[in-house]
Each structure stands twice: as C-alpha cells, then as structure tokens.
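For reference, data38.cif is printed below; it contains mmCIF, C-alpha atoms.
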data_target
loop_
_atom_site.label_atom_id
_atom_site.label_comp_id
_atom_site.auth_asym_id
_atom_site.auth_seq_id
_atom_site.Cartn_x
_atom_site.Cartn_y
_atom_site.Cartn_z
CA MET A 28 93.43 89.08 81.23
CA PRO A 29 93.11 91.51 84.15
CA SER A 30 89.60 92.84 84.79
CA PHE A 31 89.19 96.44 83.66
CA PRO A 32 86.19 98.58 84.72
CA HIS A 33 85.07 100.72 81.79
CA PRO A 34 84.59 104.46 82.36
CA GLY A 35 81.15 105.15 83.80
CA SER A 36 80.92 101.76 85.54
CA VAL A 37 81.46 101.01 89.24
CA THR A 38 83.07 97.94 90.80
CA ILE A 39 80.92 95.72 93.06
CA CYS A 40 83.13 92.81 94.19
CA GLU A 41 85.56 90.08 93.15
CA ILE A 42 84.40 86.55 92.33
CA ASN A 43 87.37 84.22 91.75
CA ARG A 44 89.71 86.73 90.06
CA ASP A 45 86.90 88.47 88.18
CA LEU A 46 86.08 92.00 89.34
CA ILE A 47 82.34 92.45 88.81
CA THR A 48 81.01 95.87 87.73
CA ALA A 49 77.64 97.60 87.40
CA GLU A 50 76.37 100.76 85.75
CA ASN A 51 75.84 102.47 89.11
CA LEU A 52 75.77 101.84 92.84
CA SER A 53 72.97 99.38 93.47
CA GLU A 54 72.08 97.33 96.52
CA ASP A 55 70.16 94.92 94.29
CA ARG A 56 73.28 94.30 92.19
CA ALA A 57 75.29 93.68 95.37
CA LYS A 58 72.66 91.21 96.62
CA ASP A 59 72.77 89.35 93.31
CA THR A 60 76.56 89.13 93.10
CA TYR A 61 77.72 88.47 96.67
CA GLY A 62 74.84 89.08 99.11
CA LYS A 63 73.54 85.51 98.96
CA LEU A 64 77.05 84.11 99.49
CA LEU A 65 77.90 86.31 102.47
CA GLY A 66 74.44 86.73 103.95
CA MET A 67 74.78 90.51 104.05
CA VAL A 68 75.37 93.57 101.87
CA PHE A 69 77.87 96.33 102.63
CA SER A 70 76.04 99.44 101.46
CA PRO A 71 78.13 102.51 100.55
CA VAL A 72 78.31 105.18 103.26
CA PRO A 73 77.97 108.71 101.87
CA PHE A 74 79.93 111.49 103.52
CA GLN A 75 80.94 115.06 102.88
CA SER A 76 83.32 117.72 104.07
CA ASP A 77 81.95 119.38 107.19
CA GLN A 78 82.86 122.70 105.56
CA LEU A 79 80.65 122.29 102.48
CA ALA A 80 76.96 122.81 101.81
CA ARG A 81 74.86 119.71 101.28
CA SER A 82 73.30 118.68 98.00
CA PRO A 83 71.27 115.61 96.91
CA SER A 84 73.34 112.75 95.51
CA PRO A 85 72.30 111.43 92.08
CA GLU A 86 73.80 108.07 93.00
CA ASN A 87 71.45 107.26 95.87
CA ASN A 88 68.38 109.51 96.11
CA ALA A 89 66.36 106.81 97.83
CA GLU A 90 68.50 107.03 100.94
CA GLN A 91 68.96 110.81 100.65
CA ALA A 92 72.72 110.39 100.36
CA ILE A 93 74.97 113.41 100.44
CA ALA A 94 77.47 114.10 97.67
CA VAL A 95 80.59 116.18 97.76
CA GLU A 96 80.83 119.13 95.41
CA GLY A 97 83.95 120.82 94.09
CA LYS A 98 87.12 119.57 95.67
CA GLY A 99 85.05 118.10 98.51
CA ILE A 100 86.75 115.39 100.52
CA VAL A 101 89.94 115.78 98.49
CA THR A 102 90.35 119.08 100.30
CA THR A 103 89.28 117.56 103.58
CA LEU A 104 91.77 114.69 103.58
CA GLN A 105 94.54 115.20 101.04
CA GLU A 106 95.14 118.87 101.83
CA ILE A 107 95.16 118.11 105.54
CA VAL A 108 98.11 115.83 104.81
CA ASN A 109 99.80 118.38 102.55
CA ASP A 110 99.41 121.20 105.08
CA SER A 111 101.29 119.09 107.60
CA PHE A 112 104.17 118.41 105.24
CA LYS A 113 104.57 122.07 104.33
CA ARG A 114 105.94 122.66 107.81
CA LEU A 115 108.69 120.13 107.16
CA PHE A 116 110.02 121.38 103.85
CA HIS A 117 111.13 124.64 102.32
CA PRO A 118 108.24 126.42 100.53
CA ASN A 119 110.02 125.93 97.18
CA ASP A 120 109.57 122.17 97.63
CA VAL A 121 105.77 122.28 97.98
CA ASN A 122 105.12 120.82 94.52
CA LEU A 123 107.47 117.91 95.26
CA LEU A 124 105.70 116.78 98.43
CA PRO A 125 104.59 113.15 98.22
CA GLU A 126 101.76 111.91 100.36
CA VAL A 127 102.09 109.50 103.23
CA ASP A 128 99.52 106.72 103.55
CA LEU A 129 97.72 107.96 106.64
CA GLN A 130 95.10 105.50 107.86
CA GLY A 131 91.86 107.34 107.26
CA VAL A 132 89.64 104.24 107.38
CA THR A 133 89.74 101.29 109.78
CA TRP A 134 87.72 98.12 110.41
CA HIS A 135 87.02 96.71 113.86
CA GLN A 136 88.94 93.44 114.25
CA HIS A 137 86.02 91.28 115.36
CA LYS A 138 82.91 93.23 114.37
CA HIS A 139 81.49 94.43 111.07
CA ILE A 140 82.04 98.04 112.13
CA ILE A 141 83.92 100.57 110.02
CA ALA A 142 85.19 104.01 111.01
CA PHE A 143 86.58 106.66 108.68
CA ILE A 144 87.54 110.34 108.63
CA SER A 145 84.59 112.27 107.20
CA GLY A 146 85.82 115.82 107.78
CA SER A 147 88.69 117.74 109.30
CA ASN A 148 87.15 117.40 112.78
CA GLN A 149 84.77 114.45 112.58
CA VAL A 150 84.62 110.67 112.18
CA ILE A 151 81.81 108.44 110.91
CA VAL A 152 81.22 104.99 112.45
CA ARG A 153 78.99 102.55 110.53
CA ASP A 154 77.87 99.31 112.19
CA TYR A 155 76.76 96.77 109.58
CA GLU A 156 75.51 94.49 112.36
CA ASP A 157 72.99 97.14 113.46
CA SER A 158 69.63 95.73 112.41
CA GLU A 159 67.66 98.76 113.62
CA GLY A 160 68.81 101.14 110.91
CA LYS A 161 71.50 102.25 108.52
CA GLU A 162 72.27 105.62 110.09
CA PRO A 163 75.91 105.96 111.15
CA CYS A 164 77.27 107.60 114.29
CA ILE A 165 79.14 110.88 113.86
CA LEU A 166 81.95 111.48 116.36
CA SER A 167 82.92 115.08 117.01
CA ASN A 168 84.28 117.01 119.96
CA GLU A 169 86.06 120.31 120.53
CA SER A 170 89.21 118.34 121.48
CA GLN A 171 89.16 116.53 118.13
CA ARG A 172 90.76 119.02 115.74
CA ASP A 173 92.41 118.45 112.36
CA ILE A 174 92.25 114.64 112.35
CA LYS A 175 95.14 112.78 110.72
CA LEU A 176 94.33 109.07 111.17
CA LEU A 177 92.44 106.57 113.30
CA GLU A 178 92.60 102.95 114.44
CA TRP A 179 90.39 100.55 116.44
CA ARG A 180 91.90 99.15 119.62
CA PRO A 181 92.59 95.39 119.43
CA ASN A 182 90.87 93.35 122.16
CA GLY A 183 89.42 96.58 123.55
CA GLY A 184 85.72 96.26 122.84
CA ARG A 185 84.43 99.09 120.70
CA THR A 186 87.26 101.53 121.40
CA LEU A 187 88.57 103.86 118.70
CA SER A 188 91.70 106.04 118.76
CA VAL A 189 91.73 109.24 116.68
CA ALA A 190 94.98 111.15 116.10
CA CYS A 191 94.54 114.91 115.93
CA LYS A 192 96.00 118.27 116.91
CA GLY A 193 97.37 118.15 120.45
CA GLY A 194 96.88 114.46 121.15
CA ILE A 195 94.75 111.34 120.72
CA CYS A 196 91.01 111.08 121.31
CA ILE A 197 89.90 107.74 122.77
CA TRP A 198 86.25 106.94 122.03
CA ALA A 199 84.31 104.01 123.50
CA ALA A 200 80.83 102.67 122.79
CA SER A 201 78.24 103.16 125.50
CA TYR A 202 74.87 101.48 125.40
CA PRO A 203 72.15 100.32 127.81
CA GLY A 204 73.56 97.77 130.22
CA ASN A 205 77.18 98.49 129.31
CA ALA A 206 78.05 102.14 129.83
CA ALA A 207 81.48 103.44 128.78
CA THR A 208 83.74 104.50 131.64
CA VAL A 209 85.91 107.60 131.58
CA ARG A 210 89.46 106.82 132.70
CA SER A 211 90.06 107.63 136.36
CA GLY A 212 91.86 110.95 136.61
CA ALA A 213 90.85 112.09 133.16
CA ALA A 214 88.50 114.98 132.58
CA ALA A 215 84.95 113.89 131.84
CA PHE A 216 84.16 114.46 128.19
CA LEU A 217 80.80 114.55 126.53
CA GLY A 218 79.79 114.82 122.98
CA THR A 219 78.87 112.90 119.92
CA LEU A 220 75.97 113.03 117.56
CA SER A 221 74.71 109.45 117.60
CA ARG A 222 71.95 108.25 115.32
CA GLY A 223 70.44 104.83 114.64
CA SER A 224 70.59 102.24 117.42
CA GLY A 225 70.85 102.85 121.14
CA ILE A 226 74.66 102.81 120.99
CA LYS A 227 76.40 106.09 121.72
CA TYR A 228 80.12 106.78 121.57
CA ILE A 229 81.67 108.68 124.46
CA LEU A 230 85.05 110.42 124.50
CA VAL A 231 86.53 108.60 127.49
CA ASP A 232 90.07 109.98 127.37
CA PHE A 233 92.36 112.44 125.62
CA LEU A 234 96.05 111.51 125.56
CA LYS A 235 97.73 114.88 125.38
CA SER A 236 100.88 115.12 123.28
CA GLN A 237 104.02 116.97 124.33
CA SER A 238 104.00 120.68 123.52
CA ASP A 239 100.61 120.32 121.83
CA GLU A 240 102.22 118.39 118.96
CA HIS A 241 100.04 117.22 116.08
CA ILE A 242 99.82 113.41 116.13
CA SER A 243 100.45 112.07 112.61
CA ALA A 244 101.43 108.42 113.20
CA LEU A 245 99.59 105.82 115.28
CA SER A 246 99.77 102.06 115.90
CA TRP A 247 98.30 99.72 118.55
CA SER A 248 100.19 96.76 119.95
CA PRO A 249 98.35 93.55 118.96
CA ASP A 250 97.22 92.88 122.54
CA GLY A 251 95.67 96.36 122.74
CA ARG A 252 97.58 97.38 125.86
CA TYR A 253 99.98 99.88 124.29
CA LEU A 254 99.50 102.60 121.71
CA ALA A 255 102.45 104.06 119.80
CA SER A 256 102.19 107.62 118.50
CA ALA A 257 104.43 110.20 116.87
CA SER A 258 104.33 113.67 115.39
CA PHE A 259 106.12 115.21 112.43
CA GLU A 260 106.77 118.10 114.81
CA GLY A 261 108.40 115.98 117.53
CA SER A 262 111.81 114.44 118.17
CA SER A 263 110.70 111.00 119.43
CA TYR A 264 107.79 108.62 119.40
CA THR A 265 105.74 107.71 122.46
CA ILE A 266 104.49 104.38 123.81
CA TRP A 267 101.28 104.91 125.78
CA ASP A 268 99.98 102.65 128.53
CA VAL A 269 96.40 103.56 127.68
CA ALA A 270 94.80 102.19 130.84
CA GLN A 271 97.05 104.48 132.90
CA GLY A 272 97.02 107.37 130.44
CA LYS A 273 100.83 107.55 130.65
CA GLY A 274 103.25 107.91 127.74
CA THR A 275 106.96 107.00 127.55
CA PRO A 276 109.11 108.71 124.87
CA ILE A 277 111.41 106.37 122.93
CA ARG A 278 114.78 107.67 121.73
CA ARG A 279 114.86 111.36 121.04
CA GLY A 280 116.42 112.53 117.79
CA LEU A 281 113.90 110.68 115.61
CA GLY A 282 112.20 113.82 114.32
CA GLY A 283 110.03 113.80 111.21
CA ILE A 284 108.47 110.36 111.73
CA SER A 285 106.01 109.47 108.98
CA ILE A 286 104.82 105.93 109.83
CA LEU A 287 104.65 103.58 112.84
CA LYS A 288 103.60 99.91 112.49
CA TRP A 289 103.52 97.22 115.17
CA SER A 290 103.92 93.68 113.84
CA PRO A 291 100.90 91.30 114.16
CA ILE A 292 102.69 89.21 116.80
CA GLY A 293 104.07 92.23 118.66
CA ASP A 294 107.73 91.24 118.69
CA TYR A 295 108.77 93.78 116.04
CA PHE A 296 108.04 97.44 115.47
CA PHE A 297 108.62 99.57 112.37
CA SER A 298 109.18 103.33 112.17
CA ALA A 299 110.01 105.53 109.18
CA LYS A 300 111.14 109.12 108.72
CA PHE A 301 110.68 111.72 106.02
CA ASP A 302 114.42 111.81 105.28
CA GLY A 303 114.35 108.29 103.81
CA THR A 304 115.63 106.40 106.84
CA PHE A 305 113.57 103.74 108.61
CA TYR A 306 114.05 101.50 111.63
CA LEU A 307 113.27 97.93 112.64
CA TRP A 308 112.90 97.51 116.40
CA GLU A 309 112.60 94.36 118.45
CA THR A 310 110.28 95.01 121.37
CA ASN A 311 111.99 92.83 123.97
CA THR A 312 114.81 95.30 124.67
CA TRP A 313 113.75 98.07 122.22
CA THR A 314 116.96 97.92 120.23
CA SER A 315 116.88 98.80 116.55
CA GLU A 316 118.61 98.61 113.20
CA SER A 317 118.49 101.59 110.84
CA TRP A 318 118.01 101.38 107.08
CA SER A 319 118.09 103.98 104.34
CA SER A 320 116.29 104.25 101.01
CA THR A 321 117.48 105.52 97.63
CA SER A 322 113.87 105.63 96.35
CA GLY A 323 112.57 108.43 98.54
CA PHE A 324 110.98 107.93 101.93
CA VAL A 325 108.52 105.24 103.02
CA THR A 326 104.95 106.25 102.17
CA GLY A 327 103.25 102.96 103.07
CA ALA A 328 104.05 99.92 105.22
CA THR A 329 102.10 96.74 105.90
CA TRP A 330 103.10 93.52 107.70
CA ASP A 331 102.35 90.02 106.47
CA PRO A 332 99.98 87.94 108.64
CA ASP A 333 102.83 86.12 110.42
CA GLY A 334 104.85 89.25 111.16
CA ARG A 335 107.94 87.85 109.47
CA MET A 336 108.11 90.30 106.59
CA ILE A 337 106.95 93.85 105.93
CA LEU A 338 105.98 95.33 102.57
CA LEU A 339 107.00 98.95 101.85
CA ALA A 340 106.07 101.61 99.30
CA PHE A 341 108.45 104.48 98.53
CA SER A 342 107.78 108.05 97.46
CA GLU A 343 109.80 107.90 94.25
CA SER A 344 109.30 104.36 92.99
CA SER A 345 106.86 102.06 91.20
CA THR A 346 108.55 99.06 92.85
CA LEU A 347 107.72 97.86 96.36
CA GLY A 348 110.25 96.55 98.85
CA SER A 349 109.88 93.58 101.20
CA ILE A 350 111.96 93.13 104.34
CA HIS A 351 112.40 89.46 105.24
CA PHE A 352 113.73 88.42 108.65
CA ALA A 353 116.46 85.81 108.38
CA SER A 354 115.84 84.28 111.81
CA LYS A 355 113.42 84.34 114.71
CA PRO A 356 112.90 87.25 117.16
CA PRO A 357 114.58 89.07 118.72
CA SER A 358 117.03 88.88 115.81
CA LEU A 359 117.14 91.97 113.58
CA ASP A 360 119.01 90.21 110.78
CA ALA A 361 116.92 90.96 107.69
CA HIS A 362 117.10 91.48 103.93
CA LEU A 363 115.38 94.06 101.73
CA LEU A 364 114.20 92.66 98.38
CA PRO A 365 112.33 94.31 95.48
CA VAL A 366 108.73 93.38 94.65
CA GLU A 367 108.06 94.24 91.03
CA LEU A 368 104.61 95.37 89.88
CA PRO A 369 105.38 95.99 86.19
CA GLU A 370 101.76 96.68 85.20
CA ILE A 371 101.75 99.91 87.22
CA VAL A 372 104.08 101.38 84.60
CA SER A 373 103.15 99.40 81.47
CA LEU A 374 99.35 99.68 81.78
CA THR A 375 98.71 102.87 83.78
CA ASN A 376 101.76 104.86 82.66
CA SER A 377 102.31 105.87 86.30
CA GLN A 378 105.81 106.03 87.74
CA ARG A 379 104.92 106.08 91.44
CA ILE A 380 102.92 103.91 93.79
CA GLU A 381 100.87 105.99 96.21
CA LYS A 382 99.21 103.75 98.84
CA ILE A 383 99.13 100.03 99.64
CA ALA A 384 97.02 97.66 101.75
CA TRP A 385 97.61 93.93 102.31
CA ASP A 386 94.87 91.70 103.65
CA ALA A 387 95.36 89.42 106.67
CA SER A 388 95.34 86.22 104.61
CA GLY A 389 98.31 87.56 102.68
CA GLU A 390 96.58 86.76 99.36
CA ARG A 391 95.28 90.16 98.22
CA LEU A 392 97.18 93.42 97.79
CA ALA A 393 95.52 96.74 96.92
CA VAL A 394 97.66 99.44 95.28
CA SER A 395 96.90 103.02 94.26
CA TYR A 396 99.28 105.02 92.12
CA LYS A 397 100.06 108.62 91.31
CA GLY A 398 98.71 110.08 88.08
CA GLY A 399 98.52 107.69 85.16
CA ASP A 400 96.84 108.13 81.78
CA ASP A 401 93.19 109.16 81.39
CA LEU A 402 91.87 105.61 81.08
CA TYR A 403 93.51 104.27 84.25
CA ARG A 404 93.59 107.40 86.42
CA GLY A 405 91.96 107.07 89.86
CA LEU A 406 91.72 103.26 89.91
CA ILE A 407 92.96 100.76 92.51
CA ALA A 408 94.97 97.76 91.30
CA ILE A 409 94.21 94.41 92.96
CA TYR A 410 96.92 91.74 93.05
CA ASP A 411 96.94 88.08 93.97
CA VAL A 412 99.94 87.53 96.27
CA ARG A 413 101.95 84.44 97.03
CA ARG A 414 104.69 83.99 99.63
CA SER A 415 106.76 80.91 98.81
CA PRO A 416 108.96 82.07 100.46
CA LEU A 417 109.50 85.32 98.54
CA ILE A 418 106.63 87.61 97.60
CA SER A 419 105.27 87.44 94.07
CA ALA A 420 102.20 89.27 92.82
CA SER A 421 99.97 88.82 89.75
CA LEU A 422 97.48 91.48 88.65
CA ILE A 423 93.80 90.54 88.93
CA GLY A 424 92.37 93.85 87.75
CA PHE A 425 91.25 97.31 88.79
CA ILE A 426 88.55 98.81 91.00
CA ARG A 427 86.69 101.94 89.92
CA GLY A 428 84.76 104.08 92.40
CA PRO A 429 81.44 105.92 92.04
CA GLY A 430 80.80 109.50 90.92
CA ASP A 431 82.65 111.88 88.64
CA ASN A 432 86.42 111.30 88.34
CA PRO A 433 86.68 109.42 91.65
CA LYS A 434 90.07 109.04 93.27
CA PRO A 435 90.93 106.76 96.21
CA ILE A 436 91.74 108.89 99.25
CA THR A 437 92.35 106.09 101.74
CA PHE A 438 91.62 102.35 101.91
CA ALA A 439 92.01 99.38 104.25
CA PHE A 440 91.12 95.70 104.61
CA HIS A 441 88.88 94.06 107.20
CA ASP A 442 91.41 91.68 108.73
CA LYS A 443 89.11 89.12 110.31
CA PHE A 444 86.18 88.69 107.92
CA LYS A 445 85.76 84.91 107.63
CA GLN A 446 84.44 84.67 104.06
CA GLY A 447 87.39 86.54 102.53
CA PRO A 448 88.95 89.99 102.42
CA LEU A 449 86.81 93.12 102.56
CA LEU A 450 88.44 96.18 101.00
CA SER A 451 86.95 99.54 101.99
CA VAL A 452 87.79 102.68 100.03
CA CYS A 453 86.97 106.32 100.76
CA TRP A 454 86.53 107.98 97.36
CA SER A 455 86.94 111.65 96.54
CA SER A 456 83.36 111.60 95.21
CA GLY A 457 82.05 111.30 98.79
CA PHE A 458 81.39 107.58 99.30
CA CYS A 459 83.03 104.96 101.49
CA CYS A 460 82.53 101.72 99.53
CA THR A 461 83.29 98.16 100.63
CA TYR A 462 84.31 95.48 98.12
CA PRO A 463 84.15 91.78 99.13
CA LEU A 464 86.95 89.82 97.45
CA ILE A 465 85.67 86.26 97.21
CA PHE A 466 88.02 83.59 95.88
CA ARG A 467 89.33 80.06 96.35
CA SER A 468 92.37 80.30 98.56
CA HIS A 469 95.63 78.86 97.28
CA ILE A 470 96.83 78.48 100.89
CA LEU A 471 96.26 74.96 102.19
CA PRO A 472 94.56 74.79 105.64
#

Output the file's structure in the form of structure tokens.
Amino acid sequence: MPSFPHPGSVTICEINRDLITAENLSEDRAKDTYGKLLGMVFSPVPFQSDQLARSPSPENNAEQAIAVEGKGIVTTLQEIVNDSFKRLFHPNDVNLLPEVDLQGVTWHQHKHIIAFISGSNQVIVRDYEDSEGKEPCILSNESQRDIKLLEWRPNGGRTLSVACKGGICIWAASYPGNAATVRSGAAAFLGTLSRGSGIKYILVDFLKSQSDEHISALSWSPDGRYLASASFEGSSYTIWDVAQGKGTPIRRGLGGISILKWSPIGDYFFSAKFDGTFYLWETNTWTSESWSSTSGFVTGATWDPDGRMILLAFSESSTLGSIHFASKPPSLDAHLLPVELPEIVSLTNSQRIEKIAWDASGERLAVSYKGGDDLYRGLIAIYDVRRSPLISASLIGFIRGPGDNPKPITFAFHDKFKQGPLLSVCWSSGFCCTYPLIFRSHILP
C-alpha cells in the first residue's frame, strides 16, 4: 500500500519505498532515520516574504526560525506567477489561468548547496557543507526585481543565475583566496547580505533583456557555456554566451514562451508556448519540429538522465506525456506517448497535475496536483519509475509538509547526490525542506 502521512504529521524521508513521518520537524528524528546512513542531516531552512512582519515559528523556536503568516510565501511566489500571466490573457480569463512550473529552487550540481526564491526580490543560499554555522546567505540587489526563477551554472563553480525584471542577475561566490571577478566591460555591482562563513556572493554581471522584458524562462547548456532565456513579453528566445555577455535571439515569432529546457547531453532543446504548441530543437543546426497539445499548454517538462526522452505535464490533464526519440541526434523523429498516473484521480480526486520533478537516476518522480479532497490536498505524490523502454510509474506514497495547511510552491531534485535522490520542497508555510529518498536501485550498474 502507498505510504500516507496522516494530518498533523510531517514527512522525513523515504527508506525503501516507505515514507517515514514524525509528529513535527525534528533534527533528532532526521538523525535517527537517515542521518547515520548519509553522514549528514538536511535541516529545514525557514524563510518568509520580504513584505511581511516577522513572528516566532512554533516549529523551531530553538533556532529562532521565522514563519510566514497569512498568505505569506503563497503571495510571494504564486501571485508573482499569476501577475505575469494576466498580461497574456483577457481579464475575463483570470480564473482560468493555470500555473507554469517555474524553477524556484535549485541544487548545485556538485555541492550540497541549495538556492531558492525567498521573496519577490531576494534569494536564499544554504550551504550544507558549511561547518562554521547554519546561517544562509541572502542575495539581494536593486537590479534583482520580481524574481521568476533561478538555476545554478553547470561546471561554473558557485555561479547562480536569477531571472527577474529586465534581465538575468549572475551571482558568484567570493571568499578569501578566490575572489569573484566581475565580467570585463560590465558595471561593477555590489551587494548581498552574507551571514555564516567567510563566503560572500557578488553580483558579477547583469544580462539585460531586450526592451526591459521580464525573464520568465531559463536553462543552462550542460557544459555551462550558454544560457537560454525567454520572456512571456518577447517574440523570441535568446542564447547567451555568458563569458562574453552577448545574447543571440533565436527565431522571432515565438512569443509567449513558458518553458525552456536543454537536454542533459546538450544535443536537444525544448521550448513551449502558452498557446499549447511546443518545439523540439536539435542544437547542431538549430532546426526544430513543432508539436501541439489538446490538453492545454505545457506546465512542466523534465528530461530523462540520458536525454533521449522528455516528460511533460499539461495544464488541463491528469495524464503526463513522454516524448521518445526514435533515433540518434540530430534526428527529430519522435513519438508522444501517454504516461498514466491513475491514483492522482482515484485517490486525491484531482483532475490536474500541477508540477513535476524527475531525479537524475530516472527512478523517482515527484508530482503535485491541483486541488483534491481535504485529506489529500497539498501533498506531493512520489512514484517509482521504470524505463524499459517505455515509462511506467508506481505510486510509493505522499509527502506532507510542515505547518498549517502547507502547499508545495516549488520543488526540485539534487541531481548528483551519490546516496540517492534528494527532493527539496518550498512549502507555503515558510520552510524549504529536503527529503532524502533512500532505496535499493532496480537499475543494474
């Protein structure tokens, strides 16, 4: 039977298809369940809207955590997304606006460092390898306005890209003996509140968008050289050579882009629009094939570890879609197949999947859904996934967050954690929690 977290409990981790719960957030409980296996504990990071007054958190008084009152981070993140979409649709359609899975939390590829949106204009960075303290760094700057999403740069040290109004902020870690360098020709930026260790993050560049467009889609090439960006306000997407600070627009007429995703190998590129069309590109000649959906537009997209298939969520469906390539790159011959998750409807009574995340091993899929009945509302479903060769998924159970009526705002996997997937979730109750998923792999080495 799938694991179900009873109301009032909080999920701690997975141990071989069993999702372990506790009565409240507890570092001791985490140490007992997975700390000895992993050699470390991923403590929750409290956060709040930068527009709200602070109040003591009942969940973690010992560390003087900060809770979110009222709408809290729901306002900070979800309404930021909704405000953007209102510009795209007629006002009468406001109540019909689905939400795109903007990446509000991201793990560094090779370090135990997490970054997430903690307010409309600020980002929190938490380094779990920092032995000197548990205080996170807070990144803020006058150029960083109305943040939409963020992503660590692959193979780029501790470099973080933050999509916001007017462009992309590029932050880099600076510490004694290895100072961050501002790009030649770029204005010198200062500014971050840095607490804890001697590491400080510096805004080393600002990639300015055309016509001050609001960047709402972002994806790094796997080698970390190029950064793709797009705006719901623009008519094309841009490929940036970040070292040079130069951007090249790709095919105008692609207005209303919702998602960009580079494949893990770099030979394919995915883009989707709000009108239900989406494109597969091969990056050798930048040619593409267009597709269209009858289930609304693409709200979430995630590649498999080998970059040979991509899993999609749609705005008006409880069924996922998987695009399988029929031959090797640069071929664009592909097939779109359904991936059924029947429990989303039968157990939760929800009719629409909201967000998805797929871990780098390809064995764990996290799914949030819209609405649902009182018992299942606000949970995240965890699936065991097999690819042999088609995708099949079996439900393991559900994750429940801390606080009153928590809802998952954004979530992502740590792609390179050796002991198994780490799923991090930013909850509406004002905590970013990390859940180790520890299991015996069914993939032979």

* Length of the CA of Ser319 in chain A to CA of Leu363 in chain A vector [Å] ->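 Rounded to one decimal, the two atoms are 10.6 Å apart.
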
* Asked: Which of these, A:Ala387, A:Ile277, A:Val269, A:Ile226, has the shortest distance to Trp330 in chain A once you count all atoms listed in the file?
  ->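 Ranked by minimum distance to Trp330 in chain A, first place goes to A:Ala387.
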
* To do: For Ile350 in chain A, list every protein, DNA or RNA residue within 6 Å, evaluated using all atoms listed in the file, and leave out those in the same chain fewer than 3 positions away; present the list as a PyMOL selection string.
  => chain A and resi 336-337+362-363

* Hits from the PyMOL selection byres ((chain A and resi 235-248) around 6), listed as JSON, numbers by chain -> {"A": [175, 190, 191, 192, 193, 194, 233, 234, 249, 250, 251, 253, 254, 255, 256, 257, 258, 286, 287, 288, 289]}

* Carefully work through the PyMOL selection byres ((chain A and resi 433) around 6) for this structure and note down the residues it includes, as a PyMOL selection string. => chain A and resi 428+430-432+434+454-456

Can you pull out the residues contacting Ile39 in chain A? Cut-off 9 Å, using all atoms listed in the file, and skip same-chain residues under 3 positions away; I want them as a compact mmCIF listing (two decimals) with C-alpha atoms, keeping the file's coordinate frame.
# COMPACT_ATOMS: atom_id res chain seq x y z
CA LEU A 46 86.08 92.00 89.34
CA ILE A 47 82.34 92.45 88.81
CA THR A 48 81.01 95.87 87.73
CA ALA A 49 77.64 97.60 87.40
CA LEU A 52 75.77 101.84 92.84
CA SER A 53 72.97 99.38 93.47
CA ARG A 56 73.28 94.30 92.19
CA ALA A 57 75.29 93.68 95.37
CA THR A 60 76.56 89.13 93.10
CA TYR A 61 77.72 88.47 96.67
CA ILE A 426 88.55 98.81 91.00
CA CYS A 460 82.53 101.72 99.53
CA THR A 461 83.29 98.16 100.63
CA TYR A 462 84.31 95.48 98.12
CA PRO A 463 84.15 91.78 99.13

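Nearest to Ala408 in chain A of all the residues A:Pro181, A:Gly447, A:Pro32, A:Gly348 is A:Pro32, based on all atoms listed in the file.
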
* Asked: Quick one: which residues end up in the PyMOL selection byres ((chain A and resi 31) around 7) for this structure, as a ChimeraX atom specification?
  -> /A:29-30,32-33,424-425

Create the file for the chosen residues now, containing C-alpha atoms and written as a PDB file, in the frame of the given file.
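And here's result_30.pdb as it stands now:
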ATOM      1  CA  PRO A  29      93.110  91.510  84.150  1.00  0.00           C
ATOM      2  CA  SER A  30      89.600  92.840  84.790  1.00  0.00           C
ATOM      3  CA  PRO A  32      86.190  98.580  84.720  1.00  0.00           C
ATOM      4  CA  HIS A  33      85.070 100.720  81.790  1.00  0.00           C
ATOM      5  CA  GLY A 424      92.370  93.850  87.750  1.00  0.00           C
ATOM      6  CA  PHE A 425      91.250  97.310  88.790  1.00  0.00           C
TER       7      PHE A 425
END

* Gap from CA of Arg404 in chain A to CA of Thr375 in chain A - Å, one decimal -> 7.3 Å

* **Proximity to Ser354 in chain A - best of A:Asp442, A:Met67, A:Arg335, A:Gly293, only C-alpha atoms** =>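 Answer, going by the shortest atom-to-atom distance: A:Arg335.
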
* In Å to one decimal, how far is CA of Thr208 in chain A from CA of Gly183 in chain A? ->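 About the pair CA of Gly183 in chain A and CA of Thr208 in chain A: they are 12.7 Å apart.
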
* To do: Name the closest residue to Asp400 in chain A among the candidates A:Ile195, A:Val372, A:Thr321, A:Val132; distances are taken between atoms, counting all atoms listed in the file.
  =>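 When distances to Asp400 in chain A are compared using all atoms listed in the file, the smallest one comes from A:Val372.
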
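With only C-alpha atoms as the atoms that count, the minimum distance from Gln136 in chain A to the choices A:Glu156, A:Glu370, A:Asp173, A:Glu178 is reached by A:Glu178.
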
Find the residues near Glu50 in chain A: any atom within 7 Å, counting all atoms listed in the file, skip ones fewer than 2 places away on the same chain, and give them as an mmCIF file with C-alpha atoms, in the frame of the given file.
data_model
loop_
_atom_site.group_PDB
_atom_site.id
_atom_site.type_symbol
_atom_site.label_atom_id
_atom_site.label_comp_id
_atom_site.auth_asym_id
_atom_site.auth_seq_id
_atom_site.Cartn_x
_atom_site.Cartn_y
_atom_site.Cartn_z
ATOM 1 C CA GLY A 35 81.150 105.150 83.800
ATOM 2 C CA SER A 36 80.920 101.760 85.540
ATOM 3 C CA VAL A 37 81.460 101.010 89.240
#

* Test item: residues at most 10 Å from Pro332 in chain A, all atoms listed in the file, excluding those fewer than 5 positions along its chain, as a PyMOL selection string -> chain A and resi 290-292+337+385-390+442

* Surrounding residues of Phe438 in chain A excluding itself and chain neighbours under 3 positions, 8 Å, all atoms listed in the file, as a PyMOL selection string -> chain A and resi 130-132+384+435+450-453

* Nearest to Gly66 in chain A, chosen from A:Tyr155, A:Gln171, A:Ile418, A:Pro448, with only C-alpha atoms counted in the distances -> A:Tyr155
